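Okay, structure first, notes after.
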Amino acid sequence: MMNQGASAVGNKKRTVKHLIRKLYFVTTNRNKFREVQEILKPFGIRITHKNQDLLEIQSRNIDLVAQVKARDAYSRFMMNPVLVDDSGVFIDAFSGFPGVNSAYAYKTIGLDGFIRLMKGVRDRRAVFVTSVAFKPDSTHDFVFRGEVHGAIAKRLVGTRWGYDPIFIPKGHSKTYAEMGAVGKNAISHRKKAFEAFARFFNEHYCQRFK
Ligand code: IMP
């Protein structure tokens with residue numbers, strides 16, 4: 001698994017952290033980049049945005065989709081450490097649709113399509129998932145997942161991006177869109193996934209800036 005070096009200093013064991021200078025966050029979605037930048041700030045992790053479309057395989061496994069995206073990003077960016085995010089909304093009443101096909105569904109039927117499809121559907125439960133894949137070198141890749149359970153709203157509320165106007169996280173009465181950037185970032189699926197990544201990163205890696 002982890003290429004974790006350890007050396008003994010006196011009687012104390014010291015974990016050797018791997019140095020990473022630039023960490024590319026590869027996405028064509030600026031909203032994702034902004035959210036992730038804010039989530040990683042308190043951990044002292046800096047990311048550099050690379051606007052690049054990546055290979056998305058057909059799989060129902062979102063972790064695998066993210067992992068393959070990260071491998072593609074790693075080879076495109078000259079073996080520089082990379083971070084990618086694959087997200088989707090999994091609706092219970094539709095057996096998980098749109099899930100890994102959330103981008104396609106958004107572009108085709110759109111949010112209005114979902115409101116229409118769910119008219120009269122009583123079970124409105126859904127899960128918003130982010131899978132983060134981190135590829136630091138040619139031999140390792142690590143995946144972290146964040147999930148938020150919630151419900152699909154009966155109409156569009158608020159005006160943020162993607163599925164934010166129709167997703168109401170459990171225990172809240174507002175959609176992600178109504179919560180605004182700060183409110184959403186405090187509880188979101190993306191926050192959970194990237195916090196898990198950040199804790200792992202700070203334990204095993206360090207960043208030094210020129
Ligand atoms: P992907 O991760 O870029 O494949 O995103 C799949 C779809 O979900 C796209 O339509 C995104 O706009 C949307 N999406 C991803 N994350 C979020 C989010 O946090 N809020 C709202 N929509 C999202």
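Residue numbering restarts at 1 in every chain; chains get A, B, ... in the order shown in the structure tokens, and ligands count up from 1 in that same order.
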
Near stretch 71-79 of chain A, within 7 Å and counting only C-alpha atoms, which residues show up once chain neighbours fewer than 6 positions away are dropped, as a list in words?
-> Val26, Leu54, Leu55, Lys135 and Asp137 of chain A

Dump C-alpha atoms for the selected residues as a JSON list (two decimals), in the first residue's frame?
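The resulting result.json:
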[["chain", "number", "residue", "atom", "x", "y", "z"],
["A", 26, "VAL", "CA", -7.51, 18.52, -12.44],
["A", 54, "LEU", "CA", -10.13, 13.42, -18.36],
["A", 55, "LEU", "CA", -10.89, 9.87, -19.36],
["A", 135, "LYS", "CA", -2.00, 9.89, -7.35],
["A", 137, "ASP", "CA", 3.66, 8.86, -8.00]]

Leaving out A:Phe25 and any residue of its chain fewer than 3 positions from it, which residues lie within 12 Å of it when counting only C-alpha atoms, given as a VMD selection string?
-> chain A and resid 22 28 to 30 32 to 37 40 45 to 54 69 to 70 73 to 74 77 80 to 86 132 to 136 194

Within-6 Å residues of ligand 1, basis only C-alpha atoms and all ligand atoms, as a list of chain:residue names |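 Every residue with an atom at most 6 Å from ligand 1 is listed here: A:Asp85, A:Asp86, A:Ser87, A:Gly88, A:Ser102, A:Ala103, A:Tyr106, A:Trp161, A:Gly162, A:Tyr163, A:Asp164.
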
Which residues are close to stretch 156-159 of chain A, i.e. within 12 Å by only C-alpha atoms, leaving aside same-chain residues fewer than 5 positions away? Reply as a tab-separated table (two decimals) with C-alpha atoms, in the first residue's frame.
chain	number	residue	atom	x	y	z
A	110	GLY	CA	-31.34	18.73	-16.56
A	111	LEU	CA	-32.75	19.66	-13.17
A	112	ASP	CA	-36.20	20.34	-14.63
A	113	GLY	CA	-36.15	16.79	-15.97
A	114	PHE	CA	-35.48	15.44	-12.48
A	115	ILE	CA	-38.30	17.50	-10.99
A	116	ARG	CA	-40.65	16.08	-13.65
A	164	ASP	CA	-27.19	22.18	-5.63
A	165	PRO	CA	-30.71	23.67	-6.21
A	166	ILE	CA	-32.43	20.28	-5.78
A	167	PHE	CA	-30.43	18.57	-3.01
A	168	ILE	CA	-31.54	19.00	0.61
A	173	SER	CA	-34.48	22.38	5.46
A	174	LYS	CA	-32.50	24.23	2.79
A	175	THR	CA	-30.99	23.01	-0.47
A	176	TYR	CA	-27.21	23.20	-0.91
A	177	ALA	CA	-27.90	26.17	-3.21
A	178	GLU	CA	-29.73	28.08	-0.47
A	179	MET	CA	-26.98	27.35	2.04
A	180	GLY	CA	-24.43	29.27	-0.02
A	181	ALA	CA	-20.74	28.45	-0.36

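Every protein, DNA or RNA residue with an atom at most 8 Å from A:Asn61, where only C-alpha atoms count and chain neighbours fewer than 3 positions away do not, is listed here: Leu64, Val65 and Val100 of chain A.
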
Would you mind exporting C-alpha atoms of the selected residues as a PDB file, in the first residue's frame?
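File produced: part26.pdb:
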ATOM      1  CA  LEU A  64     -12.843   3.240  -9.857  1.00  0.00           C
ATOM      2  CA  VAL A  65     -13.997   6.081 -12.132  1.00  0.00           C
ATOM      3  CA  VAL A 100     -21.884   7.923 -12.005  1.00  0.00           C
TER       4      VAL A 100
END

Run DSSP on the backbone and give me the residues of stretch 82-114 of chain A it puts in helix (DSSP H, G or I), as a ChimeraX atom specification.
-> /A:92-94,99-108,110-114

Those same residues - N, CA and C atoms - I'd like them written as a PDB file, in the first residue's frame.
ATOM      1  N   ASP A  92     -32.500   7.054  -4.494  1.00  0.00           N
ATOM      2  CA  ASP A  92     -33.003   5.742  -4.050  1.00  0.00           C
ATOM      3  C   ASP A  92     -34.123   5.211  -4.940  1.00  0.00           C
ATOM      4  N   ALA A  93     -35.100   6.064  -5.221  1.00  0.00           N
ATOM      5  CA  ALA A  93     -36.282   5.603  -5.963  1.00  0.00           C
ATOM      6  C   ALA A  93     -35.928   5.152  -7.379  1.00  0.00           C
ATOM      7  N   PHE A  94     -34.756   5.577  -7.877  1.00  0.00           N
ATOM      8  CA  PHE A  94     -34.319   5.183  -9.224  1.00  0.00           C
ATOM      9  C   PHE A  94     -33.142   4.209  -9.156  1.00  0.00           C
ATOM     10  N   GLY A  99     -26.329   8.693 -10.452  1.00  0.00           N
ATOM     11  CA  GLY A  99     -25.063   8.153  -9.957  1.00  0.00           C
ATOM     12  C   GLY A  99     -23.858   8.591 -10.765  1.00  0.00           C
ATOM     13  N   VAL A 100     -23.107   7.599 -11.256  1.00  0.00           N
ATOM     14  CA  VAL A 100     -21.884   7.923 -12.005  1.00  0.00           C
ATOM     15  C   VAL A 100     -22.197   8.632 -13.334  1.00  0.00           C
ATOM     16  N   ASN A 101     -23.471   8.636 -13.733  1.00  0.00           N
ATOM     17  CA  ASN A 101     -23.859   9.326 -14.971  1.00  0.00           C
ATOM     18  C   ASN A 101     -24.471  10.705 -14.697  1.00  0.00           C
ATOM     19  N   SER A 102     -24.172  11.271 -13.553  1.00  0.00           N
ATOM     20  CA  SER A 102     -24.791  12.538 -13.157  1.00  0.00           C
ATOM     21  C   SER A 102     -24.490  13.680 -14.135  1.00  0.00           C
ATOM     22  N   ALA A 103     -23.272  13.718 -14.669  1.00  0.00           N
ATOM     23  CA  ALA A 103     -22.928  14.813 -15.592  1.00  0.00           C
ATOM     24  C   ALA A 103     -23.761  14.682 -16.866  1.00  0.00           C
ATOM     25  N   TYR A 104     -23.896  13.466 -17.361  1.00  0.00           N
ATOM     26  CA  TYR A 104     -24.659  13.225 -18.591  1.00  0.00           C
ATOM     27  C   TYR A 104     -26.136  13.567 -18.372  1.00  0.00           C
ATOM     28  N   ALA A 105     -26.682  13.124 -17.243  1.00  0.00           N
ATOM     29  CA  ALA A 105     -28.099  13.388 -16.949  1.00  0.00           C
ATOM     30  C   ALA A 105     -28.341  14.893 -16.803  1.00  0.00           C
ATOM     31  N   TYR A 106     -27.373  15.580 -16.208  1.00  0.00           N
ATOM     32  CA  TYR A 106     -27.522  17.032 -16.008  1.00  0.00           C
ATOM     33  C   TYR A 106     -27.573  17.741 -17.363  1.00  0.00           C
ATOM     34  N   LYS A 107     -26.701  17.268 -18.278  1.00  0.00           N
ATOM     35  CA  LYS A 107     -26.634  17.911 -19.607  1.00  0.00           C
ATOM     36  C   LYS A 107     -27.849  17.565 -20.450  1.00  0.00           C
ATOM     37  N   THR A 108     -28.447  16.401 -20.235  1.00  0.00           N
ATOM     38  CA  THR A 108     -29.548  15.976 -21.104  1.00  0.00           C
ATOM     39  C   THR A 108     -30.919  16.355 -20.524  1.00  0.00           C
ATOM     40  N   GLY A 110     -31.483  17.542 -17.414  1.00  0.00           N
ATOM     41  CA  GLY A 110     -31.342  18.735 -16.563  1.00  0.00           C
ATOM     42  C   GLY A 110     -32.141  18.641 -15.273  1.00  0.00           C
ATOM     43  N   LEU A 111     -32.047  19.680 -14.467  1.00  0.00           N
ATOM     44  CA  LEU A 111     -32.747  19.664 -13.171  1.00  0.00           C
ATOM     45  C   LEU A 111     -34.261  19.647 -13.356  1.00  0.00           C
ATOM     46  N   ASP A 112     -34.754  20.346 -14.388  1.00  0.00           N
ATOM     47  CA  ASP A 112     -36.204  20.341 -14.630  1.00  0.00           C
ATOM     48  C   ASP A 112     -36.677  18.918 -14.943  1.00  0.00           C
ATOM     49  N   GLY A 113     -35.833  18.183 -15.657  1.00  0.00           N
ATOM     50  CA  GLY A 113     -36.149  16.793 -15.973  1.00  0.00           C
ATOM     51  C   GLY A 113     -36.289  15.959 -14.705  1.00  0.00           C
ATOM     52  N   PHE A 114     -35.399  16.184 -13.747  1.00  0.00           N
ATOM     53  CA  PHE A 114     -35.485  15.435 -12.479  1.00  0.00           C
ATOM     54  C   PHE A 114     -36.750  15.793 -11.706  1.00  0.00           C
TER      55      PHE A 114
END
